[in-house]
Every structure is written in C-alpha cells, then in structure tokens.
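Participant: Below you'll find the structure I mean.
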Amino acid sequence: MLRSDRWVSGDDEVAMEHRVALRSAGVAVDRQGGRPVIGIANSASELNPCNLPLRDLVGAVRDGIVAGGGLAVEFPVMSLGEDLMKPTAMLYRNLLAIEIEETLRSYPLDGVVLLANCDKTVPGALMGAASTRLPALVVTGGARPSCQFRGGRLGSGTALWRWWDERRAGDLDDAGWQELEACLAEGRGACNTMGTASTMAILSEILGLAVPGTSTIPSGDARALAGARRAGERVVELVRGGESPFSHCGAGSFRNALRVLNAIGGSTNAVLHLAALAGRLGVPFDVDDVDRLGRSVPLLADVEPSGSGLVQDLDAAGGVPALVGVLGGMLEPEPLLADGRTTGEHAAAAPLPSSGAIRPVDRPVLEGGAFRVVRGTLAPDGALLKRASASPELLRHRGRAVVFNSYEEMRARVDDPGLEVDASSVLVLAGCGPVGAPGMPEWGMIPIPRKLLEEGVRDMVRVSDARMSGTSYGTVYLHVAPEAAVGGPLGLVRDGDLVEVDADAGRLDLLVDAEELARRASAWRRPAPASRRGWLALYQAHVTQAPKGCDFDVLEPVEGEPALVEPVVGRS
Ligand code: FES
C-alpha cells in the first residue's frame, strides 16, 4: 500500500473529499489508489534568477513521473535568492527545510523531486526531504553563461570581488564599472564558478541524491531535460521498490562527499550543509574530516576561484562521472549513487576527461588538500580555511589584530585613512555568526583596507565567525566556533592583540594571557536578541553552531521516534 492510498483509496466521504481535491487540480487518482503520487517541489522565482531555469525543467520531470506510472503534483516552495535576500539566504535555509518537511508530511505524497539551484535551496530542500526519509532526488538548473570583459571571461561572484578591489585601488574607472555591470547580468542560472550552488549540486550526485552526470550541465542545455525526466522516472521506481536514497546515504557517502569537495576546491559553505544534512540523517559527521581526508586528495577541477576555468569547462571535460573515474580508488567504492549502481561501478565505467578542466592526478591544481581545519585559543571548536584560495605565504603568520565587532562597523571603518593597519595585520570580524548576525552572512571576506590596496596588497589574514561565498578567495579563517555572540573568545579580541595562525599545524591562537582574557570574559554581556518575536526569535533560540551545520536543535532526529510522524488522515 502506498502512503498516498491512506488519503485516496476507499469508499467513505473522507477518501472522496481527497480524490475530489486532487481531481480538481487535474490529478487523475483512482478510487482504489495504487499509483504513486510524486511531488515536484519547485523553487523557481523571479526573486531568484539562479532558479529560473527550473521552470523549463518542470515539464520534463512531470513526463518522467507519468512515464514511470506515477501521478505528478507540482507545488511552489520558498526560493532562497542568494543575491537579494538579506541579511543572508542562510537565515532561511532551515525555514525552507521545514516547509518541505511539513509539506511532505501533511499531503498525500509518496516521493518528491526537488527543483533547486541557488546556494541554499539545494541543501534546504535536501534537509527537509531527508527528515521524512521519503524517496527524493534533486534536480538542479545548471550554471549561467559567461561573458567577456576586458579580454577575459567573467566568473560569477569571483570577478565582481576582484574588480571591486581594482576599483577601490583606483584601477577601474566609472565607464569600466558600468560595463562590468552589464556584463555580469549574463543570464539565468547558478554562479558559473565553484560557488556553493555548483558545489552542492556536485555533492548531491556523490551522495546519491541526484541523477549521475546531471549536476554540471549548463542552464538551457537540452541534456538537462533528459536528466530531469530521468529523475521523475527514478523517483517512481524508488517508491515502487520501497527504497529511499536517504537510506543509502551513510557515513561512506559523506566521506566521499568530503573527498570530492577537496577534489573540486568547493565552497566552504558545503561543510556546513553536509554537517546539517548528516545530522538530519543521524549520520556521524566530523568537521575535521574535511581536512584529514582531504590531505591525500589532489585538487583536480580547474575552476575558479581555486583554478582558472568555469563550471561549463568542467562539464565539457566529462563532469562528475569523469571526475569520479580519475579519483578512482581514492573514493570508497560501496556507496550507492542515485541510479542504484555503486561509486566503484561508476568509477570503473567512467569516461576519460576530455580536457584539462579535470586535471590528471599527477598534474593537479593543488596537492595536500583544499581545506584546513584549525583550533586553538581563538577557536576552541574550530575554524575553516580554504587553503586552495589562500596565499601560501600567509598560511603561517603572526600579526596584530584590527577588530570590527559588526558588519556596519567594518564597512564604516575599513577604508578610513586613519585606520591603524598594515599588510601584516590580522583583520578580525566578530558578532556575525549564526546567532550574532543572525544567520551567519557571507561577510567573512573582509575587504582589504583601501590604503593597503593602493599599496598593492591583495590578501591578508582574516578571521571571522561569519561565512564567505564559495566564489570568494583569500586567507580567510571562517566559521569560528563558538561564535562571539554566544561568548566565544573571538568576541574578546581587542585592537593590537597578537593573533597567530599555522594552517598546516591546525592552530589559530590569541596570544593574550589567561588572566587578561578572564577579565575581559567577566565583562562580556550577551547581545540583545535581534527580535523577541517571529522567525528571528525562533532562529536565535534554536540555531546550532558551525560544527553542527547551523541546523536547529529541534530538527535533529529523536531516538525512538519515527523519522516521519504520520498525520491522522480523517476529516480536515
Ligand atoms: Fe545564486 Fe550564486 S547567487 S547560485
């Protein structure tokens, strides 16, 4: 018996009411039930151009569901637009997850295809579906096209940050700045660099939660239609087989995801999303594994900001299937991918990369791991560095802190000619973590002070409890935990304190004696809440710290309770 049959099969008034509701929406359910009802959770929205290509894929998903013998029901879900949503789309990732979980729980759905693309929509959708354990696959909308500016291709995000520094240094005039704006409005789809969207799409394939070979297909490419159709068909097969991809998504799947994250030089945000997704599934997840497992994985994807190409180039080189083939024995062979074949079977049958966007193992973009996890007196529960986009000469460094205790203060002071700062300083941004901001915005890539830009400085050591965009770069220690707003030592740093980092040794320390720190800690006061009502109050009361992925404590699985607490199906 299907889950949806509890709603639609039978001869009483309740079943009739449900059939009438579905038939009125054009969904031809039978009196006896027996056809899987598959939701299409669509996050396409004009508020979020990254997700607009999903509109073109709905019909193909629907065709696949029908071809598989199911019934398709499309419904809208919140769209988390990274560029427009303030203070950050991350503040609403858990809300999208709740929306999807509760929609699946409360409606007659047997499975779902999740249409998502922009950074937070993929993890939010997967987290919500994971909590129900219903069969689900994600379909992403692909990367947007690129365009030429001043002789080079523009990579989303990365190019803007780079040219903004040039503008502030006085090397880009007004006309150039306007020309750049026109170029950057380059079309619909996700960022075409290795931002969080591309990273999470790729990792969805590795976790067995997306059809293999689909995650790097550019927006508007006809192959995306075939992939979307296959996802629809496959979810019906999974429902009929009584299987959920989430049951196969275990510790080995997450370890492989962390290895691939290193091999693509992916977004630091993915570590948070993987931690949160693993938490939903009750799978142990250790943030240190991103560093430990990654040290033996070469960075092979030559894509900005760690490399020089774009996601389109990675796709043309063979995409994830070819990458899995090159990684071969570096991945655990057992985890199942979404088509039911193992990772090892995929690696054995993989096509050879057809271009240099997937480097051979003996000629990587970088060796020794794309990330470092550091701990110490400034980050007792850890902080994360994207080594692949950091300056090698800054990986070991000692400098005097220049402290900003809020984003507003940082924006107001960073370009002040009177700011006491030099290239050896360590810029510290505190109070911007999950509770502090709230929502942990991508403020961690603190701008280089203008007077240093004018001297030619392009990177400095920066430390923050905020995140940074996957399209960003620099020697930036992120996700410092515990964050300043809950009493972490980051909130006790003062201008002029010595900060010492040693990325390879895994250390991040504040060189202030314990007595002085205790004095500062005793004077510390918890900041007032952003609001005492609504979502902000719920968020600040329940969000966890970075090592647990900033999920809500009340959304973790409860021992002894079924993943999906089924509703009573009676008169409404
Ligand atoms: Fe949406 Fe980058 S801003 S994917």
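If you're wondering about the labels, chains in the structure tokens are A, B, ... by order shown, residues count from 1 in each chain, ligands from 1 in order shown.
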Could I get the residue neighbourhood of ligand 1 at 8 Å, counting only C-alpha atoms and all ligand atoms, as JSON, numbers by chain?

Facilitator: {"A": [48, 49, 50, 51, 81, 82, 83, 117, 118, 119, 143, 156, 157, 189, 190, 191, 192, 195, 196, 197, 198, 471]}

Participant: Out of range 258-438 of chain A, which residues get strand (DSSP E or B) from DSSP, as a VMD selection string?

Facilitator: chain A and resid 299 301 303 309 336 342 358 366 371 to 376 379 to 386 396 to 404 426 to 429

Participant: Excluding range 439-442 of chain A and any residue of its chain fewer than 3 positions from it, enumerate the residues within 6 Å of it, using only C-alpha atoms, and give them as a list in words.

Facilitator: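 Skipping anything fewer than 3 positions along the chain leaves Thr88, Met90, Leu91, Cys432, Gly433, Pro434, Ala466, Arg467, Met468 and Ser469 of chain A.
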
Participant: Go ahead and write the residues just picked, N, CA and C atoms, as an mmCIF file, in the first residue's frame.

Facilitator:
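Full text of selection_29.cif as output:
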```cif
data_model
loop_
_atom_site.group_PDB
_atom_site.id
_atom_site.type_symbol
_atom_site.label_atom_id
_atom_site.label_comp_id
_atom_site.auth_asym_id
_atom_site.auth_seq_id
_atom_site.Cartn_x
_atom_site.Cartn_y
_atom_site.Cartn_z
ATOM 1 N N THR A 88 20.877 37.468 4.762
ATOM 2 C CA THR A 88 21.511 36.349 4.068
ATOM 3 C C THR A 88 20.486 35.244 3.851
ATOM 4 N N MET A 90 21.042 32.294 4.098
ATOM 5 C CA MET A 90 21.309 31.243 5.093
ATOM 6 C C MET A 90 20.344 31.338 6.278
ATOM 7 N N LEU A 91 19.876 32.541 6.565
ATOM 8 C CA LEU A 91 18.922 32.719 7.669
ATOM 9 C C LEU A 91 17.643 31.923 7.402
ATOM 10 N N CYS A 432 29.178 37.993 13.872
ATOM 11 C CA CYS A 432 28.495 37.749 12.592
ATOM 12 C C CYS A 432 28.233 36.261 12.376
ATOM 13 N N GLY A 433 28.141 35.502 13.455
ATOM 14 C CA GLY A 433 27.900 34.064 13.357
ATOM 15 C C GLY A 433 26.422 33.744 13.242
ATOM 16 N N PRO A 434 26.058 32.456 13.427
ATOM 17 C CA PRO A 434 24.663 32.055 13.262
ATOM 18 C C PRO A 434 23.707 32.794 14.204
ATOM 19 N N ALA A 466 31.750 34.623 10.668
ATOM 20 C CA ALA A 466 30.837 34.643 9.521
ATOM 21 C C ALA A 466 31.245 33.563 8.519
ATOM 22 N N ARG A 467 30.528 33.495 7.397
ATOM 23 C CA ARG A 467 30.888 32.620 6.277
ATOM 24 C C ARG A 467 31.475 33.493 5.175
ATOM 25 N N MET A 468 31.867 32.860 4.065
ATOM 26 C CA MET A 468 32.133 33.640 2.864
ATOM 27 C C MET A 468 31.572 32.877 1.679
ATOM 28 N N SER A 469 31.315 33.593 0.611
ATOM 29 C CA SER A 469 30.778 32.973 -0.601
ATOM 30 C C SER A 469 31.766 31.947 -1.142
#
```

Participant: Please report as a tab-separated table every residue of range 271-351 of chain A lying within 8 Å of range 203-217 of chain A, along with the nearest atom pair and their distance in Å (one decimal), using only C-alpha atoms.

Facilitator:
```
residue	atom	partner	partner_atom	distance
A:Val311	CA	A:Thr216	CA	6.5
A:Gln312	CA	A:Thr216	CA	7.0
A:Leu314	CA	A:Thr216	CA	7.3
A:Asp315	CA	A:Thr216	CA	5.2
A:Gly319	CA	A:Thr216	CA	6.0
A:Val320	CA	A:Gly213	CA	5.9
A:Pro321	CA	A:Gly213	CA	5.8
A:Pro335	CA	A:Leu207	CA	7.9
A:Leu336	CA	A:Gly208	CA	6.0
A:Leu337	CA	A:Gly208	CA	3.8
A:Ala338	CA	A:Gly208	CA	4.3
A:Asp339	CA	A:Val211	CA	6.6
A:Thr343	CA	A:Ile206	CA	7.9
```

Participant: Leaving out Ala322 in chain A and any residue of its chain fewer than 4 positions from it, which residues lie within 6 Å of it when counting only C-alpha atoms, given as JSON, numbers by chain?

Facilitator: {"A": [318, 350, 351, 352, 353]}

Participant: Can those selected residues be exported to a file as a PDB file, in the first residue's frame so that it contains C-alpha atoms?

Facilitator:
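Output file again.pdb is given in full below:
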```pdb
ATOM      1  CA  GLY A 318      33.135  14.967 -18.585  1.00  0.00           C
ATOM      2  CA  ALA A 350      33.832   6.349 -16.216  1.00  0.00           C
ATOM      3  CA  PRO A 351      34.720   8.213 -19.392  1.00  0.00           C
ATOM      4  CA  LEU A 352      38.199   9.726 -19.609  1.00  0.00           C
ATOM      5  CA  PRO A 353      38.279  13.504 -19.094  1.00  0.00           C
TER       6      PRO A 353
END
```
